[in-house]
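One structure is given here, and the rest of the page talks about it.
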Amino acid sequence: MAAPGDTNGAGAGSRPGSGRPPPGDLRSALITSVLSLERLELDLFRGRHHWVPATQRLFGGQIVGQALVAAARSVSRDEQVHSLHCYFVRAGDPKVPVLYEVERTRTGKSFSVRSVKAIQHGKPIFTCQASFQLSQESPVQHQFTMPSVPPPEDLLTQEELIQKFLQNPNLAERYRKHLTKIQAEDVPIDIKPVNPPDTFCLEPQEPKQFFWVRARGYIGETDMKVHCCVAAYISDYAFLGTALLPHRQYHIKLMVSLDHSMWFHAPFRADHWMLYECESPWAGGCRGLVQGRLWRRDGVLAVTCAQEGVIRVQEMPNQSKL
């Protein structure tokens, strides 16, 4: 695998045979920084942090993506990841790097399994199992139909929507501060919400939302495992928040991921627009369940995701301005 940060083989952001991105393009920070791991031993890696949310907890998508990078370094180039299943067991510390320890659980003729443990301060903060498969043809094929939504060219970016809200003179100050924090975050993802809800409307909404998403910057044609690692990072962004759409009258006290699973179905480019369809079929017991699908623009279902997280809320204080 010409993995992110791997010095063996062509760079992840290069054109075939060129060794560099196209003129005028910049390689994605997800490749050059976020998912670039330092190899300490054969199956031991160190990862650093690119973006830390306002909660001062490590972003779960970063841990999932880096863990998949570590697992992918231990299989052959011909083996592609088809699924991963993860648990977040402790809050990550943004002040120190994360160590990723890979166990080669099984290497078979068609399937291989790798177990990854993410460690900080001598304790695991995250565990993951990833399964890889050699390509196999089968006549048994089907998929759902991609939802019909406006194309990304017709929509505003998340940054443009925030700027639009900030121009509202009646915006409550606490919302203004919150949006300003989001605006200042250096998230290496391009996001275009489809039919975005009024961020400051407290009316319950259906627990379903759509985003067009892609990695910011150039990745190019490379080992498919690279694009899967980037998709793992992207998949956790705003995912669990889908479960709160019917409960917008509450203020969030705590919202953290408990687990995260992904299944990879078809080749895709993570630096091309993909539709992220997110829905929450259930919430209760201070937990919420969300499911997601990443669709290519040509209607092919590329990735399926699922996540459960802890959600604790409190009554929203009265506001004269929304």
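As shown in the structure tokens, the chain order sets the letters A, B, ...; within each chain, residues go from 1, and ligands are also counted from 1 in the order they appear.
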Quick one: pick out all helix (DSSP H, G or I) residues within region 50-165 of chain A from a backbone DSSP run and write them as an MDAnalysis selection string. chainID A and resid 60:72 152:154 158:165
From a DSSP calculation on the backbone, collect every residue of region 53-271 of chain A in strand (DSSP E or B) and output the set as number ranges by chain. A: 79-88, 98-107, 111-120, 123-134, 189-194, 208-215, 218, 250-264
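Among the candidates A:Asp190, A:Glu173, A:Glu38, A:Glu203, the residue lying nearest to Pro152 (chain A) is A:Asp190 (atoms considered: only C-alpha atoms).
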If we count only C-alpha atoms and set the cut-off at 9 Å, which residues sit around Arg39 (chain A), ignoring sequence neighbours fewer than 5 positions away in its own chain? Please answer as a PDB file with N, CA and C atoms, in the first residue's frame.
```
ATOM      1  N   ASP A   6       3.614   6.867   3.937  1.00  0.00           N
ATOM      2  CA  ASP A   6       4.511   5.758   3.665  1.00  0.00           C
ATOM      3  C   ASP A   6       5.529   6.182   2.623  1.00  0.00           C
ATOM      4  N   LEU A  44       4.295  -1.113  14.795  1.00  0.00           N
ATOM      5  CA  LEU A  44       4.054  -0.068  15.794  1.00  0.00           C
ATOM      6  C   LEU A  44       4.228   1.295  15.130  1.00  0.00           C
ATOM      7  N   PHE A  45       3.220   2.168  15.271  1.00  0.00           N
ATOM      8  CA  PHE A  45       3.212   3.458  14.583  1.00  0.00           C
ATOM      9  C   PHE A  45       2.831   4.573  15.553  1.00  0.00           C
ATOM     10  N   ARG A  46       3.248   5.788  15.188  1.00  0.00           N
ATOM     11  CA  ARG A  46       2.885   6.952  15.986  1.00  0.00           C
ATOM     12  C   ARG A  46       2.161   7.952  15.103  1.00  0.00           C
ATOM     13  N   ALA A  70      -2.574   2.121   9.877  1.00  0.00           N
ATOM     14  CA  ALA A  70      -1.651   1.180  10.521  1.00  0.00           C
ATOM     15  C   ALA A  70      -1.958  -0.254  10.107  1.00  0.00           C
TER      16      ALA A  70
END
```
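The space separating CA of Ser83 (chain A) from CA of Pro53 (chain A) comes to 26.4 Å.
By only C-alpha atoms, and with residues fewer than 3 positions from Ile191 (chain A) along its chain excluded, the set lying at most 8 Å from it is A:Thr157, A:Gln158, A:Phe211, A:Trp212, A:Val213, A:Arg214.
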Nearest to Lys123 (chain A) by atom-to-atom distance, counting only C-alpha atoms, from A:Tyr250, A:Phe111, A:Tyr100, A:Tyr233: A:Tyr100
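Closest approach to Thr222 (chain A) among A:Glu159, A:Gly285, A:Val149, A:Ile31 is made by A:Ile31 (distances from only C-alpha atoms).
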Gln133 (chain A) surroundings by only C-alpha atoms, 6 Å radius, close-in-sequence under 3 positions cut, as a PyMOL selection string: chain A and resi 79-80+110-111
Using N, CA, C and O atoms, can you export the residues from the last selection as a compact mmCIF listing (two decimals), in the first residue's frame?
```txt
# COMPACT_ATOMS: atom_id res chain seq x y z
N GLU A 79 -4.56 -6.78 -1.35
CA GLU A 79 -5.67 -6.95 -0.40
C GLU A 79 -6.30 -5.60 -0.10
O GLU A 79 -5.60 -4.63 0.20
N GLN A 80 -7.63 -5.54 -0.19
CA GLN A 80 -8.35 -4.29 0.07
C GLN A 80 -9.25 -4.45 1.28
O GLN A 80 -9.83 -5.52 1.50
N SER A 110 -7.81 -15.72 1.08
CA SER A 110 -8.72 -14.71 0.53
C SER A 110 -8.95 -13.54 1.48
O SER A 110 -9.12 -12.41 1.05
N PHE A 111 -8.95 -13.83 2.80
CA PHE A 111 -9.25 -12.80 3.80
C PHE A 111 -8.13 -12.74 4.84
O PHE A 111 -7.56 -13.77 5.20
```
Compile the contact shell of Ser235 (chain A) as a ChimeraX atom specification: residues with an atom at most 12 Å away, counting only C-alpha atoms, same-chain residues fewer than 4 positions apart removed. /A:59-65,189,191,211-215,227-231,239-240,260-264,270,274-278,290-294,303-307
Could you give me, as a ChimeraX atom specification, the residues within 9 Å of Val75 (chain A), counting only C-alpha atoms and dropping anything in the same chain fewer than 6 positions from it? /A:1,104,107,112,114,132
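Taking CA of Ser135 (chain A) and CA of Leu68 (chain A) as the two end points, the separation is 18.7 Å.
CA of Val116 (chain A) sits 10.1 Å away from CA of Val69 (chain A).
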